[in-house]
Each structure stands twice: as structure tokens, then as C-alpha cells.
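Student: Before anything else, here's the structure in question.
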Amino acid sequence: MADAQPKKDRPNTRFHGRVEAPGRLCAEPGCEEPGEFRAPPLDGTGRAGDGPPPFRWLCLDHVRAFNARYNFFAGMSPDEIQDAQRPFAGWDRETRAFSATGGADRPPRWADFGDPLDAIGARFRERMKDREDRKDGKPLSGMDRQALKVLELEIDVDRMGLRKRYSELVRKYHPDRNGGDRTHETQLQRVIEAYQQLKGSPAFA
């Protein structure tokens, strides 16, 4: 049986956090090992402005020792420790001033678009059509509007027009009118449900 490979004294190149730099020694006084692992300075982060913080470079043994005794809250006052432990700590910093649009980017104007095929305009008009009000002022709920789409009716249709369209669609989809063909039963059920919804709507009272 072959002898087991000797254990390496230093971690391989894939060891987490290792950064090789020939000639850089461990920052621990008196240590001659390569400084390949990053650690914060002894006197805190030392961060100046928005730039990256300075670091010390330690060997594997010394960075392990540093991690074992590291205390994030060292040097903080009780108030600073309590502030750092808040759930939203760090998220309440000031950001850039909000504009008059409430902080969101201002939407482009319609005039900024070229729409030679009327694709954008047609889609916009179709969406606005779903929000139109009846000329008689009677209210329509979202379910009412959906039911009108199922029956393929305009929003201003009256009760007589509703009944007429319902009768047409029932005759069209009912199996008795199609030689017993039941392939349209799902559509027939949708028509019946839409009619029941509209029949009880204030717009058709």
C-alpha cells in the first residue's frame, strides 16, 4: 500500500482567502512567514471616506489566531453596540435627493417615441378602454368588465342587449344546438357565469 502523502504546511492556491504576493511577510512582529491572508488593522477599520479600508496581511497561523479572538464590538460604546445591532443598521444612510417625481425616474414622454406602426399607441388605447366609464354613469366592477369581455359586449350595452347576446351565445354553444357535440361546454359555462355576474350588477339593474 502506498504511503500517504505528507501533509502540507501551507494551504494550496484554492484555500479560501489566500492571496499570494512574493516578498510580503506576515505583519505579526517577528514572524517570517508569507503574509497571504487579509485582516483588519489593530486600531479598527481605518476607513477614510468611501475608499477601501487598509488591511494587514498575516500568515495562516496568525490569521487563525486573530479570527479566534476577533470581537466586532471591541472599542465601541454601549450606545454604538446597540445601534450596530439594530435590524436595519446601515440601511438608513442618506441617499441622493429625491426629485419631484417621488424618487423614481421620470418616465419618458410620448413624444420621445417613434411609433410608425401605432403599436404603442394601440396598446395604450386598448388598456385605457378597459378603464372607460359607462355613459350613463353606472359603475362597473373589474368582474363586470371581465364578464363583458367574455360576452364580447361594449361597456354601454343595456339590459336588453345583454339578454340578446346571452341567448345568441347559449344557442351557439349548447350541445342541443350542435348535434350533441360537447366540445363547447367550457365556453358555455363561461358565458353562463358572465351573464349571472352582469345580471346582478348595478349597471344592469
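By convention here, the chains of the C-alpha cells are called A, B, ... in the order presented, each chain's residues are numbered starting at 1, and ligands are numbered starting at 1 in the order presented.
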Apply DSSP to the backbone of this structure and, from region 144-198 of chain A, keep only the residues in helix (DSSP H, G or I); write these as a short mmCIF file (atom, residue, chain, number, x, y, z; two decimals) with N, CA and C atoms, in the first residue's frame.

Tutor:
```cif
data_model
loop_
_atom_site.label_atom_id
_atom_site.label_comp_id
_atom_site.auth_asym_id
_atom_site.auth_seq_id
_atom_site.Cartn_x
_atom_site.Cartn_y
_atom_site.Cartn_z
N ASP A 144 -67.22 42.79 -13.60
CA ASP A 144 -68.20 43.17 -14.63
C ASP A 144 -67.50 43.36 -15.97
N ARG A 145 -66.39 44.04 -15.95
CA ARG A 145 -65.65 44.30 -17.19
C ARG A 145 -65.15 42.99 -17.81
N GLN A 146 -64.69 42.07 -16.97
CA GLN A 146 -64.23 40.79 -17.48
C GLN A 146 -65.39 40.00 -18.08
N ALA A 147 -66.56 40.06 -17.45
CA ALA A 147 -67.74 39.37 -17.98
C ALA A 147 -68.17 39.95 -19.32
N LEU A 148 -68.07 41.25 -19.47
CA LEU A 148 -68.39 41.88 -20.76
C LEU A 148 -67.46 41.39 -21.86
N LYS A 149 -66.19 41.18 -21.51
CA LYS A 149 -65.23 40.65 -22.50
C LYS A 149 -65.61 39.23 -22.92
N VAL A 150 -66.03 38.43 -21.95
CA VAL A 150 -66.42 37.05 -22.27
C VAL A 150 -67.59 37.05 -23.25
N ARG A 159 -79.60 46.38 -20.67
CA ARG A 159 -80.06 45.08 -20.20
C ARG A 159 -80.64 44.25 -21.33
N MET A 160 -81.35 44.90 -22.26
CA MET A 160 -81.93 44.17 -23.39
C MET A 160 -80.83 43.60 -24.27
N GLY A 161 -79.79 44.40 -24.52
CA GLY A 161 -78.66 43.93 -25.33
C GLY A 161 -77.93 42.79 -24.65
N LEU A 162 -77.85 42.85 -23.33
CA LEU A 162 -77.21 41.77 -22.58
C LEU A 162 -77.98 40.46 -22.75
N ARG A 163 -79.30 40.52 -22.60
CA ARG A 163 -80.11 39.31 -22.74
C ARG A 163 -80.03 38.74 -24.16
N LYS A 164 -80.05 39.63 -25.15
CA LYS A 164 -79.99 39.19 -26.54
C LYS A 164 -78.68 38.47 -26.82
N ARG A 165 -77.57 39.05 -26.35
CA ARG A 165 -76.27 38.44 -26.60
C ARG A 165 -76.15 37.11 -25.86
N TYR A 166 -76.68 37.04 -24.66
CA TYR A 166 -76.64 35.80 -23.89
C TYR A 166 -77.39 34.69 -24.62
N SER A 167 -78.56 35.00 -25.14
CA SER A 167 -79.35 34.00 -25.87
C SER A 167 -78.60 33.52 -27.11
N GLU A 168 -77.94 34.44 -27.81
CA GLU A 168 -77.19 34.07 -29.02
C GLU A 168 -76.07 33.08 -28.68
N LEU A 169 -75.34 33.38 -27.63
CA LEU A 169 -74.20 32.53 -27.28
C LEU A 169 -74.64 31.19 -26.72
N VAL A 170 -75.73 31.15 -25.97
CA VAL A 170 -76.24 29.87 -25.47
C VAL A 170 -76.66 28.98 -26.63
N ARG A 171 -77.34 29.55 -27.60
CA ARG A 171 -77.72 28.75 -28.78
C ARG A 171 -76.49 28.29 -29.55
N LYS A 172 -75.46 29.10 -29.56
CA LYS A 172 -74.24 28.76 -30.30
C LYS A 172 -73.47 27.61 -29.65
N TYR A 173 -73.39 27.60 -28.31
CA TYR A 173 -72.54 26.64 -27.63
C TYR A 173 -73.28 25.46 -27.00
N PRO A 175 -75.00 21.98 -26.44
CA PRO A 175 -74.90 20.71 -27.18
C PRO A 175 -76.16 20.40 -27.99
N ASP A 176 -77.33 20.79 -27.49
CA ASP A 176 -78.56 20.51 -28.23
C ASP A 176 -78.60 21.22 -29.56
N ARG A 177 -77.85 22.29 -29.72
CA ARG A 177 -77.80 23.04 -30.97
C ARG A 177 -76.64 22.60 -31.85
N GLU A 185 -68.62 22.99 -24.08
CA GLU A 185 -69.24 23.10 -22.76
C GLU A 185 -68.49 24.09 -21.85
N THR A 186 -67.18 24.10 -21.97
CA THR A 186 -66.40 25.03 -21.13
C THR A 186 -66.74 26.48 -21.48
N GLN A 187 -66.81 26.76 -22.76
CA GLN A 187 -67.15 28.11 -23.18
C GLN A 187 -68.58 28.46 -22.78
N LEU A 188 -69.49 27.49 -22.88
CA LEU A 188 -70.87 27.73 -22.46
C LEU A 188 -70.94 28.07 -20.97
N GLN A 189 -70.16 27.36 -20.17
CA GLN A 189 -70.15 27.63 -18.73
C GLN A 189 -69.64 29.03 -18.45
N ARG A 190 -68.63 29.47 -19.20
CA ARG A 190 -68.10 30.83 -19.03
C ARG A 190 -69.16 31.86 -19.39
N VAL A 191 -69.91 31.60 -20.43
CA VAL A 191 -70.97 32.52 -20.86
C VAL A 191 -72.04 32.63 -19.77
N ILE A 192 -72.44 31.49 -19.22
CA ILE A 192 -73.47 31.49 -18.17
C ILE A 192 -72.98 32.26 -16.94
N GLU A 193 -71.73 32.01 -16.54
CA GLU A 193 -71.18 32.69 -15.36
C GLU A 193 -71.09 34.20 -15.61
N ALA A 194 -70.69 34.60 -16.82
CA ALA A 194 -70.58 36.02 -17.14
C ALA A 194 -71.96 36.68 -17.10
N TYR A 195 -72.95 35.99 -17.62
CA TYR A 195 -74.31 36.55 -17.61
C TYR A 195 -74.84 36.68 -16.19
N GLN A 196 -74.59 35.70 -15.36
CA GLN A 196 -75.03 35.77 -13.97
C GLN A 196 -74.35 36.93 -13.24
N GLN A 197 -73.09 37.16 -13.55
CA GLN A 197 -72.37 38.26 -12.95
C GLN A 197 -72.98 39.61 -13.34
N LEU A 198 -73.27 39.77 -14.62
CA LEU A 198 -73.80 41.04 -15.09
C LEU A 198 -75.25 41.25 -14.72
#
```

Student: So the first atom is CA of Ser201 (chain A) and the second is CA of Arg123 (chain A); what is the distance between them in Å, to one decimal place?

Tutor: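 Pair CA of Ser201 (chain A) / CA of Arg123 (chain A) returns 28.0 Å.
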
Student: Identify, on the basis of only C-alpha atoms, every residue whose closest approach to region 35-37 of chain A does not exceed 6 Å; exclude the query and any residue fewer than 2 positions from it along the same chain; express the result as a list in words.

Tutor: Arg18, Val19, Glu20, Arg24, Leu25, Cys26, Trp57, Leu58 and Cys59 of chain A

Student: Ala203 (chain A): which residues within 10 Å, counting only C-alpha atoms, same-chain residues fewer than 5 positions away excluded, as a list of chain:residue names?

Tutor: A:Arg134, A:Asp136, A:Gly137, A:Lys138, A:Pro139, A:Leu140, A:Ser141, A:Asp144, A:Ile155, A:Asp156, A:Val157, A:Asp158, A:Arg159, A:Leu198

Student: Which of these, A:Ala27, A:Leu151, A:Ala205, A:Ala39, has the shortest distance to Val63 (chain A) once you count only C-alpha atoms?

Tutor: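 Closest to Val63 (chain A), using only C-alpha atoms: A:Ala39.
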
Student: Could you check how far CA of Ala65 (chain A) sits from CA of Pro41 (chain A), in Å to one decimal?

Tutor: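 Between CA of Ala65 (chain A) and CA of Pro41 (chain A) the gap works out to 14.3 Å.
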
Student: Have a look at CA of Arg109 (chain A) and CA of Ala122 (chain A) and let me know their distance in Å, one decimal.

Tutor: 16.2 Å

Student: Given only C-alpha atoms as the basis, pick out the residue of A:Gly23, A:Glu32, A:Gly142, A:Ile81 nearest to His62 (chain A).

Tutor: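 The shortest atom-to-atom distance to His62 (chain A) comes from A:Glu32.
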